[in-house]
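Next comes final39.txt, with compact mmCIF, C-alpha atoms.
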# COMPACT_ATOMS: atom_id res chain seq x y z
CA MET V 1 58.08 -13.53 53.82
CA ASN V 2 54.67 -13.56 55.40
CA SER V 3 56.20 -13.63 58.84
CA ALA V 4 58.33 -10.57 57.99
CA LEU V 5 55.25 -8.77 56.71
CA LEU V 6 53.33 -9.61 59.83
CA LEU V 7 56.20 -8.53 62.10
CA ALA V 8 56.62 -5.31 60.22
CA THR V 9 52.95 -4.60 60.54
CA ALA V 10 53.06 -5.37 64.19
CA GLU V 11 56.10 -3.09 64.86
CA GLY V 12 54.75 -0.06 63.47
CA GLY V 13 54.13 0.01 59.91
CA VAL V 14 54.61 -1.51 56.62
CA GLN V 15 57.79 -0.86 54.88
CA TRP V 16 56.58 -0.31 51.45
CA GLY V 17 59.91 -0.47 49.73
CA ASP V 18 60.65 -3.94 50.98
CA PHE V 19 57.13 -4.96 50.15
CA LEU V 20 57.44 -3.76 46.58
CA PHE V 21 60.84 -5.45 46.23
CA TYR V 22 59.41 -8.71 47.46
CA LEU V 23 56.39 -8.33 45.22
CA CYS V 24 58.52 -7.60 42.15
CA THR V 25 60.86 -10.45 42.93
CA PHE V 26 57.90 -12.76 43.35
CA LEU V 27 56.33 -11.67 40.05
CA ILE V 28 59.65 -12.03 38.22
CA LEU V 29 60.13 -15.44 39.75
CA ILE V 30 56.61 -16.46 38.66
CA ALA V 31 57.30 -15.16 35.12
CA LEU V 32 60.58 -17.05 34.97
CA VAL V 33 58.97 -20.22 36.28
CA LYS V 34 56.13 -19.80 33.78
CA HIS V 35 58.48 -19.13 30.89
CA PHE V 36 61.21 -21.70 31.61
CA ALA V 37 59.60 -24.35 33.80
CA TRP V 38 55.81 -24.23 33.45
CA GLY V 39 55.76 -24.79 29.66
CA PRO V 40 58.17 -27.74 29.66
CA VAL V 41 56.56 -29.23 32.80
CA THR V 42 53.08 -28.79 31.31
CA GLU V 43 54.24 -30.20 27.99
CA MET V 44 55.89 -33.13 29.78
CA MET V 45 52.71 -33.72 31.79
CA GLU V 46 50.58 -33.59 28.61
CA LYS V 47 52.93 -36.00 26.85
CA ARG V 48 52.79 -38.30 29.84
CA ALA V 49 48.99 -38.03 29.96
CA ASP V 50 48.84 -38.77 26.20
CA LYS V 51 51.22 -41.70 26.60
CA ILE V 52 49.18 -43.10 29.48
CA ALA V 53 45.97 -42.65 27.45
CA ASN V 54 47.60 -44.37 24.46
CA ASP V 55 48.87 -47.16 26.67
CA ILE V 56 45.39 -47.61 28.13
CA ASP V 57 43.88 -47.65 24.62
CA SER V 58 46.54 -50.10 23.43
CA ALA V 59 45.92 -52.32 26.42
CA GLU V 60 42.16 -52.19 25.77
CA ASN V 61 42.70 -53.05 22.10
CA ALA V 62 45.06 -55.87 23.03
CA ARG V 63 42.49 -57.17 25.54
CA LYS V 64 39.74 -57.06 22.89
CA LYS V 65 41.97 -58.84 20.37
CA ALA V 66 42.85 -61.45 22.97
CA GLU V 67 39.15 -61.97 23.73
CA GLU V 68 38.37 -62.29 20.02
CA LEU V 69 41.23 -64.73 19.56
CA ALA V 70 40.08 -66.74 22.57
CA ALA V 71 36.53 -66.79 21.15
CA LYS V 72 37.87 -67.92 17.75
CA ARG V 73 39.94 -70.65 19.37
CA GLU V 74 36.96 -71.78 21.42
CA SER V 75 34.83 -71.87 18.29
CA ALA V 76 37.52 -73.77 16.40
CA LEU V 77 37.82 -76.22 19.27
CA LYS V 78 34.06 -76.80 19.27
CA ASP V 79 34.12 -77.22 15.50
CA SER V 80 36.97 -79.71 15.76
CA HIS V 81 35.03 -81.69 18.37
CA VAL V 82 31.99 -81.73 16.09
CA GLU V 83 34.14 -82.74 13.11
CA ALA V 84 35.83 -85.47 15.15
CA SER V 85 32.42 -86.80 16.18
CA LYS V 86 31.30 -86.80 12.55
CA ILE V 87 34.45 -88.64 11.48
CA ILE V 88 33.94 -91.24 14.20
CA ASP V 89 30.29 -91.68 13.21
CA ARG V 90 31.24 -92.07 9.54
CA ALA V 91 33.91 -94.60 10.45
CA LYS V 92 31.39 -96.57 12.52
CA LYS V 93 28.85 -96.51 9.68
CA ASN V 94 31.50 -97.60 7.17
CA GLY V 95 32.58 -100.37 9.52
CA GLU V 96 28.98 -101.56 9.92
CA GLN V 97 28.45 -101.46 6.15
CA GLN V 98 31.64 -103.40 5.52
CA LYS V 99 30.64 -105.89 8.20
CA ALA V 100 27.22 -106.33 6.61
CA THR V 101 28.79 -106.69 3.15
CA ILE V 102 31.28 -109.28 4.38
CA VAL V 103 28.59 -111.24 6.23
CA ASN V 104 26.26 -111.17 3.21
CA SER V 105 29.08 -112.21 0.92
CA ALA V 106 30.04 -115.05 3.23
CA GLN V 107 26.42 -116.20 3.49
CA GLU V 108 26.06 -116.13 -0.29
CA GLU V 109 29.29 -118.07 -0.66
CA VAL V 110 28.16 -120.64 1.90
CA SER V 111 24.82 -120.94 0.11
CA THR V 112 26.59 -121.41 -3.22
CA LEU V 113 28.93 -124.00 -1.73
CA LYS V 114 25.97 -125.87 -0.24
CA LYS V 115 24.16 -125.87 -3.58
CA ASN V 116 27.29 -127.05 -5.38
CA ALA V 117 27.88 -129.74 -2.75
CA LYS V 118 24.27 -130.93 -3.08
CA LYS V 119 24.63 -131.02 -6.86
CA ASP V 120 27.91 -132.93 -6.58
CA ILE V 121 26.37 -135.37 -4.09
CA GLU V 122 23.33 -135.89 -6.31
CA GLN V 123 25.57 -136.40 -9.35
CA GLU V 124 27.73 -138.91 -7.47
CA ARG V 125 24.59 -140.70 -6.27
CA GLN V 126 23.23 -140.85 -9.83
CA GLU V 127 26.59 -142.16 -11.08
CA ALA V 128 26.66 -144.78 -8.29
CA LEU V 129 23.10 -145.86 -9.11
CA SER V 130 23.99 -146.03 -12.80
CA ASN V 131 27.08 -148.11 -12.00
CA VAL V 132 25.04 -150.40 -9.76
CA LYS V 133 22.43 -150.81 -12.49
CA ASN V 134 25.14 -151.60 -15.00
CA ASP V 135 26.77 -154.04 -12.58
CA VAL V 136 23.40 -155.70 -11.84
CA ALA V 137 22.63 -155.91 -15.54
CA ALA V 138 26.05 -157.37 -16.28
CA LEU V 139 25.70 -159.77 -13.40
CA SER V 140 22.24 -160.82 -14.51
CA VAL V 141 23.53 -161.45 -18.00
CA GLU V 142 26.46 -163.41 -16.65
CA ILE V 143 24.29 -165.46 -14.32
CA ALA V 144 21.80 -166.11 -17.07
CA SER V 145 24.55 -167.18 -19.44
CA LYS V 146 26.00 -169.54 -16.87
CA ILE V 147 22.57 -170.93 -16.07
CA ILE V 148 21.94 -171.53 -19.71
CA GLN V 149 25.27 -173.29 -20.13
CA LYS V 150 24.55 -175.74 -17.45
CA GLU V 151 21.97 -176.61 -15.01
CA LEU V 152 23.23 -175.90 -11.58
CA SER V 153 22.97 -177.93 -8.47
CA ALA V 154 22.61 -176.27 -5.07
CA LYS V 155 26.33 -176.45 -4.54
CA ASP V 156 27.02 -175.00 -7.94
CA GLN V 157 24.60 -172.13 -7.31
CA GLU V 158 26.25 -171.37 -3.99
CA ALA V 159 29.69 -171.42 -5.60
CA LEU V 160 28.43 -169.20 -8.41
CA VAL V 161 27.03 -166.63 -6.00
CA ASP V 162 30.26 -166.67 -3.94
CA SER V 163 32.42 -166.17 -7.03
CA TYR V 164 30.17 -163.37 -8.17
CA ILE V 165 30.42 -161.65 -4.77
CA GLU V 166 34.22 -161.99 -4.87
CA GLY V 167 34.19 -160.50 -8.38
CA LEU V 168 32.16 -157.55 -7.17
CA GLY V 169 34.57 -156.98 -4.28
CA LYS V 170 37.50 -156.97 -6.68
CA GLN V 171 35.74 -154.52 -9.03
CA ASP V 172 34.92 -152.13 -6.15
CA GLY V 173 38.55 -152.30 -5.01
CA ILE V 174 39.73 -151.33 -8.50
CA ARG V 175 37.48 -148.26 -8.64
Let me see the structure of the file written as structure tokens.
Amino acid sequence: MNSALLLATAEGGVQWGDFLFYLCTFLILIALVKHFAWGPVTEMMEKRADKIANDIDSAENARKKAEELAAKRESALKDSHVEASKIIDRAKKNGEQQKATIVNSAQEEVSTLKKNAKKDIEQERQEALSNVKNDVAALSVEIASKIIQKELSAKDQEALVDSYIEGLGKQDGIR
């Protein structure tokens, strides 16, 4: 169109009829494009711009939520580590307390057993001493009664002592 206008101007004049026809056709074409194409294209472009803006906003919101969730998870993980450490510390303390209780109980039991053993030993010793005293007293009475019954010679005394020793051996064997 421009080339035709320039050629026409160069050849000798402007043909105003053609020019007006072209101008009217151009204006009608612009009106038709504006009425049928520009509105829908503009509307489509606005919808697309809105959709892109919404998508960007949604992506930003999703990113923020993801960051918040990651922060919450990190916090929960730290809290779980702290809680696990506390549980381990409590378990160690409980173990130490139980150990101390068991050791103290065992020491008390050993002490009680020692005391009881000492008492039993002392009682047995007292009973043995009492038995020996009784045996010596009985023996003294027996020897005295035999001495009174007869006067002993050296041989008789030796025989008496031997028989007494044999009698003691037999009594110890019975007990």
With 6 Å on each side, where is the centre of the axis-aligned box around all listed atoms of segment 60-75 of chain V, and how long are its edges in Å to one decimal, as lines of an AutoDock Vina configuration file?
center_x = 39.9
center_y = -62.0
center_z = 21.8
size_x = 22.2
size_y = 31.7
size_z = 20.0
### Message
Give me, as a list in words, all polymer residues having an atom no more than 9 Å from segment 131-143 of chain V, counting only C-alpha atoms and skipping those fewer than 6 positions away in the same chain.
### Response
Leu160, Val161, Tyr164 and Leu168 of chain V
#### Entry: Length of the atom CA of Lys65 of chain V to atom CA of Ala84 of chain V vector [Å]
27.8 Å
